[in-house]
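J.: The following file, upload_27.txt, comprises compact mmCIF, C-alpha atoms:
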```
# COMPACT_ATOMS: atom_id res chain seq x y z
CA MET A 183 -9.97 -32.52 71.16
CA THR A 184 -8.83 -33.86 67.83
CA ASN A 185 -12.43 -34.47 66.68
CA ARG A 186 -13.36 -30.92 67.65
CA LEU A 187 -10.44 -29.50 65.59
CA ASN A 188 -11.42 -31.60 62.60
CA ARG A 189 -15.00 -30.32 62.82
CA LEU A 190 -13.72 -26.72 62.99
CA PHE A 191 -11.48 -27.22 59.94
CA ARG A 192 -14.38 -28.72 57.96
CA LEU A 193 -16.63 -25.83 59.00
CA ALA A 194 -14.02 -23.26 57.97
CA ALA A 195 -13.53 -24.94 54.62
CA TRP A 196 -17.29 -25.05 54.04
CA VAL A 197 -17.58 -21.32 54.83
CA LEU A 198 -14.45 -20.11 53.01
CA ALA A 199 -14.48 -22.26 49.86
CA PRO A 200 -17.37 -20.42 48.15
CA ALA A 201 -15.73 -17.08 48.93
CA LEU A 202 -12.43 -18.31 47.53
CA LEU A 203 -14.11 -19.56 44.35
CA LEU A 204 -15.95 -16.26 43.93
CA SER A 205 -12.67 -14.39 44.36
CA ILE A 206 -10.94 -16.52 41.72
CA ALA A 207 -13.86 -16.11 39.33
CA ALA A 208 -13.92 -12.36 39.87
CA SER A 209 -10.19 -12.11 39.17
CA ALA A 210 -10.54 -14.13 35.96
CA TRP A 211 -13.51 -11.99 34.82
CA ALA A 212 -11.54 -8.80 35.51
CA ALA A 213 -8.58 -10.10 33.54
CA SER A 214 -10.88 -11.01 30.66
CA VAL A 215 -12.52 -7.57 30.64
CA SER A 216 -9.11 -5.93 30.78
CA ALA A 217 -7.94 -7.95 27.76
CA ASP A 218 -11.12 -7.31 25.77
CA ASP A 219 -11.01 -3.59 26.48
CA SER A 220 -7.38 -3.20 25.47
CA THR A 221 -6.98 -0.89 22.47
CA PRO A 222 -5.26 -2.60 19.53
CA ALA A 223 -2.31 -0.91 17.88
CA ALA A 224 -3.36 1.49 15.12
CA GLU A 225 -3.19 -0.01 11.66
CA ILE A 226 -2.12 2.03 8.67
CA THR A 227 -4.41 1.53 5.69
CA VAL A 228 -2.79 0.86 2.34
CA GLY A 229 -4.80 1.64 -0.77
CA VAL A 230 -7.27 4.28 -1.91
CA LEU A 231 -8.26 6.57 0.96
CA ASP A 232 -11.64 8.05 1.76
CA SER A 233 -10.44 11.60 1.17
CA ASP A 234 -10.24 14.05 -1.70
CA PRO A 235 -7.05 14.55 -3.73
CA VAL A 236 -4.69 17.10 -2.18
CA ALA A 237 -3.74 20.24 -4.08
CA ILE A 238 0.00 20.89 -3.74
CA ALA A 239 2.22 23.67 -5.06
CA CYS A 240 4.62 22.16 -7.57
CA ASP A 241 6.38 24.01 -10.35
CA GLU A 242 6.27 22.14 -13.67
CA ASN A 243 9.07 22.24 -16.19
CA VAL A 244 9.85 18.87 -17.78
CA THR A 245 7.68 16.86 -20.16
CA PRO A 246 7.86 13.07 -19.69
CA ILE A 247 5.34 10.51 -21.02
CA ASP A 248 2.56 11.94 -23.21
CA SER A 249 2.97 15.62 -22.29
CA SER A 250 2.25 15.18 -18.58
CA ALA A 251 4.63 17.46 -16.69
CA THR A 252 7.01 16.52 -13.89
CA PRO A 253 6.29 18.62 -10.78
CA ILE A 254 9.24 20.21 -9.01
CA PRO A 255 8.85 21.13 -5.34
CA ALA A 256 8.41 24.78 -4.51
CA GLN A 257 11.22 24.18 -1.99
CA SER A 258 14.33 23.10 -3.89
CA PRO A 259 15.30 19.48 -3.10
CA ALA A 260 18.75 18.75 -1.71
CA THR A 261 18.98 15.41 -3.51
CA VAL A 262 17.23 14.02 -6.57
CA TYR A 263 16.95 10.33 -7.52
CA THR A 264 15.78 9.39 -11.01
CA LEU A 265 14.24 6.01 -11.85
CA THR A 266 16.27 3.95 -14.32
CA ALA A 267 15.13 1.56 -17.06
CA ASP A 268 15.49 -1.30 -14.56
CA SER A 269 12.43 -0.05 -12.68
CA ALA A 270 9.08 -1.76 -13.33
CA ALA A 271 5.39 -1.39 -12.57
CA SER A 272 2.94 -4.27 -12.33
CA TYR A 273 -0.63 -5.22 -11.46
CA THR A 274 -1.94 -8.44 -9.92
CA ALA A 275 -5.57 -9.52 -10.33
CA GLN A 276 -7.40 -12.62 -9.11
CA GLU A 277 -9.68 -14.07 -11.78
CA GLN A 278 -11.91 -17.07 -12.41
CA LEU A 279 -11.36 -18.90 -15.70
CA ALA A 280 -13.76 -21.29 -17.41
CA GLY A 281 -12.51 -24.86 -17.11
CA LYS A 282 -9.61 -23.83 -14.86
CA GLY A 283 -10.98 -22.00 -11.83
CA ALA A 284 -8.95 -19.52 -9.81
CA ASN A 285 -6.06 -17.86 -11.58
CA THR A 286 -3.65 -15.02 -10.78
CA ALA A 287 -3.09 -12.58 -13.62
CA VAL A 288 0.03 -10.42 -13.58
CA GLY A 289 0.90 -7.68 -16.06
CA SER A 290 4.00 -5.51 -16.00
CA THR A 291 5.94 -2.86 -17.87
CA ASN A 292 9.35 -1.21 -17.76
CA THR A 293 8.02 1.92 -19.44
CA ILE A 294 8.05 3.88 -16.21
CA ILE A 295 9.73 7.14 -15.32
CA GLY A 296 9.97 8.96 -12.03
CA THR A 297 11.77 11.43 -9.84
CA ILE A 298 12.13 11.17 -6.07
CA TYR A 299 13.11 14.28 -4.12
CA PHE A 300 14.80 14.45 -0.71
CA ASP A 301 15.16 17.51 1.50
CA GLY A 302 18.29 18.59 3.37
CA ASP A 303 17.44 16.26 6.27
CA GLY A 304 17.25 13.26 3.93
CA ASN A 305 13.46 12.91 3.99
CA PRO A 306 11.33 12.20 0.88
CA MET A 307 9.52 15.30 -0.34
CA ALA A 308 6.11 16.10 -1.74
CA CYS A 309 5.99 16.44 -5.53
CA SER A 310 8.04 13.29 -6.05
CA ARG A 311 6.35 11.56 -8.97
CA VAL A 312 6.07 8.35 -10.98
CA ASP A 313 4.47 7.93 -14.45
CA VAL A 314 3.58 4.55 -15.98
CA ASP A 315 2.69 3.98 -19.63
CA MET A 316 -0.42 1.77 -19.37
CA ARG A 317 -0.29 0.98 -23.10
CA THR A 318 2.76 -1.20 -22.56
CA LEU A 319 1.44 -3.51 -19.83
CA VAL A 320 2.03 -7.14 -20.85
CA SER A 321 0.86 -10.37 -19.19
CA ASP A 322 1.13 -14.01 -20.22
CA GLU A 323 -2.00 -13.74 -22.38
CA SER A 324 -2.12 -11.41 -25.38
CA ARG A 325 -5.94 -11.55 -25.59
CA ARG A 326 -6.15 -10.26 -22.02
CA ASP A 327 -3.70 -7.46 -22.79
CA LYS A 328 -5.59 -6.37 -25.90
CA TYR A 329 -8.91 -6.32 -24.07
CA LEU A 330 -7.49 -4.40 -21.11
CA ARG A 331 -5.98 -1.75 -23.38
CA GLY A 332 -9.04 -1.38 -25.59
CA SER A 333 -12.05 -1.86 -23.31
CA THR A 334 -11.03 -1.87 -19.65
CA LEU A 335 -8.27 0.71 -19.23
CA GLN A 336 -9.06 2.50 -22.52
CA THR A 337 -5.41 3.40 -22.93
CA ASP A 338 -5.94 5.32 -26.18
CA THR A 339 -7.82 7.87 -24.07
CA TYR A 340 -5.98 7.40 -20.75
CA PRO A 341 -2.46 6.26 -21.65
CA VAL A 342 -0.64 7.19 -18.43
CA ALA A 343 -1.09 6.42 -14.73
CA THR A 344 0.52 8.96 -12.40
CA PHE A 345 1.33 9.07 -8.69
CA VAL A 346 2.37 12.38 -7.10
CA VAL A 347 3.49 12.33 -3.46
CA THR A 348 1.75 14.73 -1.08
CA SER A 349 2.98 13.45 2.32
CA VAL A 350 5.06 10.78 4.08
CA ASN A 351 3.94 8.55 6.99
CA GLY A 352 5.88 6.38 9.41
CA LEU A 353 9.39 7.65 8.72
CA ASP A 354 11.30 8.62 11.88
CA GLY A 355 14.30 10.11 10.13
CA ALA A 356 16.47 10.06 7.05
CA LEU A 357 17.16 6.81 5.19
CA GLN A 358 20.36 5.27 6.48
CA ASP A 359 22.91 4.00 3.98
CA GLY A 360 22.73 0.22 3.66
CA GLN A 361 19.67 -0.10 5.92
CA GLU A 362 16.29 -1.30 4.63
CA THR A 363 13.52 1.04 5.81
CA THR A 364 9.74 0.69 5.59
CA PHE A 365 7.46 3.75 5.43
CA TYR A 366 4.37 5.03 3.62
CA LEU A 367 3.87 7.53 0.81
CA VAL A 368 0.51 9.26 0.42
CA GLY A 369 -0.43 11.09 -2.73
CA ASN A 370 -2.65 11.62 -5.75
CA LEU A 371 -3.01 8.47 -7.87
CA THR A 372 -4.48 9.19 -11.30
CA MET A 373 -5.74 6.45 -13.62
CA HIS A 374 -8.50 6.14 -16.20
CA GLY A 375 -9.25 9.86 -15.92
CA GLN A 376 -9.87 9.72 -12.16
CA THR A 377 -7.69 11.00 -9.31
CA ARG A 378 -7.87 9.55 -5.79
CA GLN A 379 -5.74 9.84 -2.67
CA ALA A 380 -3.84 6.60 -2.08
CA ARG A 381 -1.30 5.30 0.41
CA TRP A 382 1.59 3.06 -0.67
CA GLU A 383 3.74 0.91 1.59
CA VAL A 384 7.38 1.41 0.64
CA THR A 385 10.45 -0.63 1.52
CA ALA A 386 13.61 1.17 0.40
CA THR A 387 17.37 0.82 0.72
CA LEU A 388 19.89 3.57 0.11
CA ASP A 389 23.30 2.47 -1.13
CA GLY A 390 25.49 5.44 -1.88
CA ASP A 391 24.19 7.02 -5.10
CA ASN A 392 21.66 4.21 -5.63
CA LEU A 393 18.16 3.84 -4.25
CA THR A 394 16.26 0.56 -4.58
CA GLY A 395 12.99 -0.62 -3.16
CA GLN A 396 9.44 -1.69 -3.67
CA ALA A 397 6.16 0.20 -3.31
CA ALA A 398 2.76 -1.50 -3.10
CA THR A 399 -0.86 -0.42 -2.89
CA GLU A 400 -4.30 -1.57 -4.04
CA PHE A 401 -7.50 -0.14 -5.46
CA ASP A 402 -11.03 -1.18 -6.24
CA MET A 403 -12.01 -0.97 -9.91
CA ALA A 404 -15.04 1.10 -8.93
CA ASP A 405 -12.68 3.75 -7.46
CA TYR A 406 -11.57 4.55 -11.00
CA ASN A 407 -14.76 3.78 -12.92
CA ILE A 408 -13.13 0.71 -14.44
CA THR A 409 -15.48 -1.97 -15.77
CA GLU A 410 -14.72 -5.55 -14.79
CA PRO A 411 -13.09 -7.26 -17.78
CA LYS A 412 -14.82 -10.37 -19.11
CA VAL A 413 -13.35 -11.83 -22.26
CA GLY A 414 -12.75 -15.32 -23.59
CA PRO A 415 -12.37 -17.78 -20.71
CA VAL A 416 -12.49 -15.05 -18.03
CA LEU A 417 -15.68 -15.53 -16.02
CA SER A 418 -15.00 -12.89 -13.37
CA VAL A 419 -12.25 -10.74 -11.85
CA ASP A 420 -11.92 -9.76 -8.19
CA SER A 421 -12.61 -6.04 -7.90
CA THR A 422 -9.50 -5.41 -5.78
CA ILE A 423 -6.35 -4.96 -7.87
CA GLN A 424 -2.84 -4.95 -6.42
CA LEU A 425 -0.28 -2.47 -7.76
CA GLU A 426 3.48 -2.71 -7.29
CA ILE A 427 6.46 -0.63 -8.34
CA ASP A 428 10.02 -1.95 -8.30
CA VAL A 429 12.21 1.09 -7.84
CA VAL A 430 15.77 1.30 -9.14
CA ALA A 431 16.98 4.90 -9.02
CA THR A 432 20.26 6.78 -9.16
CA LYS A 433 21.28 10.15 -7.75
CA GLY A 434 21.53 13.09 -10.10
```
Write out the structure in this file as structure tokens.
T.:
Amino acid sequence: MTNRLNRLFRLAAWVLAPALLLSIAASAWAASVSADDSTPAAEITVGVLDSDPVAIACDENVTPIDSSATPIPAQSPATVYTLTADSAASYTAQEQLAGKGANTAVGSTNTIIGTIYFDGDGNPMACSRVDVDMRTLVSDESRRDKYLRGSTLQTDTYPVATFVVTSVNGLDGALQDGQETTFYLVGNLTMHGQTRQARWEVTATLDGDNLTGQAATEFDMADYNITEPKVGPVLSVDSTIQLEIDVVATKG
């Protein structure tokens, strides 16, 4: 009797094992397909967008840097923040230098003005604007600065870079006092005589009458018809340039 039971158990195992293995394999394959087919979370692109500049209705009344006018929203803002002299704009470029190799070049300026508008619900508004005097950008190498001003950026002809906000992304509500918030500003970025739509990632903190934060984006030199600078020991420059604005603004 015992031998017969043993033979039956071995027969059952021989018959069922392949089916069990196939079932396990099928489950693993299904799990793999499910994982591969899962849709990743949408990513927000920062930088120059593949879209035309947006025409927005802004009244102009004030003349800041080099006779470019500050746009005022057609809808009157509830609150206005103005950038102070502590604000700064900078670029970061990756370059290859003869005899040194990879190098990070950073140039900055405090010659920056701007106005940020908020509506009655505490949301940033279109027509907010920042102007940067490109003639005053300074790095750690005067030869680089001179070449950028004269040949690359041609600042005698195009002295100012301007960003005008056209829309806001990723902001669920008004900025909360004392709370750091990250969102995105989309708008018309004008440099070197060219205007492109660009998205900036912004991290901002409201503290009573003060607004501080940082905005960052990037562009390709070809987007603005900028020729790659090659001077002195500079062998090449990566075509993607990072831009950053340190915002220090006060209400009123």
J.: When you draw a straight line from CA of Asn285 in chain A to CA of Leu330 in chain A, how long is it in Å?
T.: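 Answer for the CA of Asn285 in chain A to CA of Leu330 in chain A separation: 16.6 Å.
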J.: Could you jot down the CA of Val314 in chain A to CA of Lys412 in chain A separation for me, Å, one decimal place?
T.: 23.9 Å
J.: Rounded to one decimal place, report the CA of Arg378 in chain A-CA of Thr274 in chain A distance in Å.
T.: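 If I compute the distance from CA of Arg378 in chain A to CA of Thr274 in chain A, I get 19.4 Å.
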J.: Find, counting all atoms listed in the file, the residue in A:Val429, A:Ala380, A:Ala284, A:Leu388 that gets nearest to Asp359 in chain A.
T.: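 Looking at the shortest contact to Asp359 in chain A, the residue is A:Leu388.
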J.: Fewer than 5 positions away in the same chain doesn't count, so skip those; otherwise give me all residues within 10 Å of Gly414 in chain A, counting only C-alpha atoms, as a list in words.
T.: Leu279, Ala280, Arg325, Arg326 and Tyr329 of chain A
J.: Of the candidates A:Ile294, A:Val236, A:Ala260, A:Met403, which shows the shortest atom-to-atom distance to Val419 in chain A, using all atoms listed in the file?
T.: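 Residue with the minimum atom-to-atom distance to Val419 in chain A: A:Met403.
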J.: Choose the residue, out of A:Gln276, A:Ser269, A:Gln257, A:Ser233, that has the smallest atom-to-atom separation from Thr422 in chain A; count only C-alpha atoms.
T.: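 Answer, going by the shortest atom-to-atom distance: A:Gln276.
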J.: Name the closest residue to Glu362 in chain A among the candidates A:Asn292, A:Thr387, A:Gln379, A:Ser418; distances are taken between atoms, counting only C-alpha atoms.
T.: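 The shortest atom-to-atom distance to Glu362 in chain A comes from A:Thr387.
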J.: Give the padded box for range 354-367 of chain A as AutoDock Vina command-line options: axis-aligned, covering all atoms listed in the file, 4 Å on each side, centre and edge lengths in Å to one decimal.
T.:
```
--center_x 13.4 --center_y 4.4 --center_z 6.3 --size_x 27.0 --size_y 19.4 --size_z 19.1
```
J.: What lies within 12 Å of Gly302 in chain A using all atoms listed in the file, ignoring chain neighbours under 6 positions off, as a PyMOL selection string?
T.: chain A and resi 257-262+355-357
J.: Output range 345-363 of chain A with N, CA and C atoms present, as an mmCIF file, in the frame of the given file.
T.:
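And here's result-v9.cif as it stands now:
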```cif
data_model
loop_
_atom_site.group_PDB
_atom_site.id
_atom_site.type_symbol
_atom_site.label_atom_id
_atom_site.label_comp_id
_atom_site.auth_asym_id
_atom_site.auth_seq_id
_atom_site.Cartn_x
_atom_site.Cartn_y
_atom_site.Cartn_z
ATOM 1 N N PHE A 345 1.404 8.924 -10.151
ATOM 2 C CA PHE A 345 1.330 9.070 -8.690
ATOM 3 C C PHE A 345 2.225 10.233 -8.284
ATOM 4 N N VAL A 346 1.632 11.218 -7.586
ATOM 5 C CA VAL A 346 2.370 12.380 -7.100
ATOM 6 C C VAL A 346 2.287 12.392 -5.574
ATOM 7 N N VAL A 347 3.432 12.392 -4.926
ATOM 8 C CA VAL A 347 3.490 12.330 -3.460
ATOM 9 C C VAL A 347 3.027 13.658 -2.850
ATOM 10 N N THR A 348 2.180 13.539 -1.819
ATOM 11 C CA THR A 348 1.750 14.730 -1.080
ATOM 12 C C THR A 348 2.230 14.713 0.375
ATOM 13 N N SER A 349 2.477 13.527 0.944
ATOM 14 C CA SER A 349 2.980 13.450 2.320
ATOM 15 C C SER A 349 3.620 12.097 2.571
ATOM 16 N N VAL A 350 4.346 12.006 3.696
ATOM 17 C CA VAL A 350 5.060 10.780 4.080
ATOM 18 C C VAL A 350 4.598 10.377 5.482
ATOM 19 N N ASN A 351 4.336 9.080 5.684
ATOM 20 C CA ASN A 351 3.940 8.550 6.990
ATOM 21 C C ASN A 351 4.963 7.534 7.478
ATOM 22 N N GLY A 352 5.131 7.473 8.804
ATOM 23 C CA GLY A 352 5.880 6.380 9.410
ATOM 24 C C GLY A 352 7.374 6.394 9.206
ATOM 25 N N LEU A 353 7.938 7.552 8.894
ATOM 26 C CA LEU A 353 9.390 7.650 8.720
ATOM 27 C C LEU A 353 9.949 8.506 9.845
ATOM 28 N N ASP A 354 10.784 7.924 10.703
ATOM 29 C CA ASP A 354 11.300 8.620 11.880
ATOM 30 C C ASP A 354 12.477 9.534 11.568
ATOM 31 N N GLY A 355 13.141 9.291 10.473
ATOM 32 C CA GLY A 355 14.300 10.110 10.130
ATOM 33 C C GLY A 355 14.775 9.777 8.737
ATOM 34 N N ALA A 356 15.931 10.278 8.386
ATOM 35 C CA ALA A 356 16.470 10.060 7.050
ATOM 36 C C ALA A 356 16.789 8.590 6.815
ATOM 37 N N LEU A 357 16.747 8.170 5.550
ATOM 38 C CA LEU A 357 17.160 6.810 5.190
ATOM 39 C C LEU A 357 18.644 6.650 5.498
ATOM 40 N N GLN A 358 18.974 5.532 6.138
ATOM 41 C CA GLN A 358 20.360 5.270 6.480
ATOM 42 C C GLN A 358 21.010 4.385 5.422
ATOM 43 N N ASP A 359 22.214 4.734 5.029
ATOM 44 C CA ASP A 359 22.910 4.000 3.980
ATOM 45 C C ASP A 359 23.057 2.521 4.359
ATOM 46 N N GLY A 360 22.612 1.653 3.455
ATOM 47 C CA GLY A 360 22.730 0.220 3.660
ATOM 48 C C GLY A 360 21.668 -0.391 4.556
ATOM 49 N N GLN A 361 20.705 0.398 5.005
ATOM 50 C CA GLN A 361 19.670 -0.100 5.920
ATOM 51 C C GLN A 361 18.299 -0.078 5.238
ATOM 52 N N GLU A 362 17.635 -1.230 5.213
ATOM 53 C CA GLU A 362 16.290 -1.300 4.630
ATOM 54 C C GLU A 362 15.295 -0.615 5.567
ATOM 55 N N THR A 363 14.471 0.261 5.018
ATOM 56 C CA THR A 363 13.520 1.040 5.810
ATOM 57 C C THR A 363 12.129 0.927 5.192
#
```
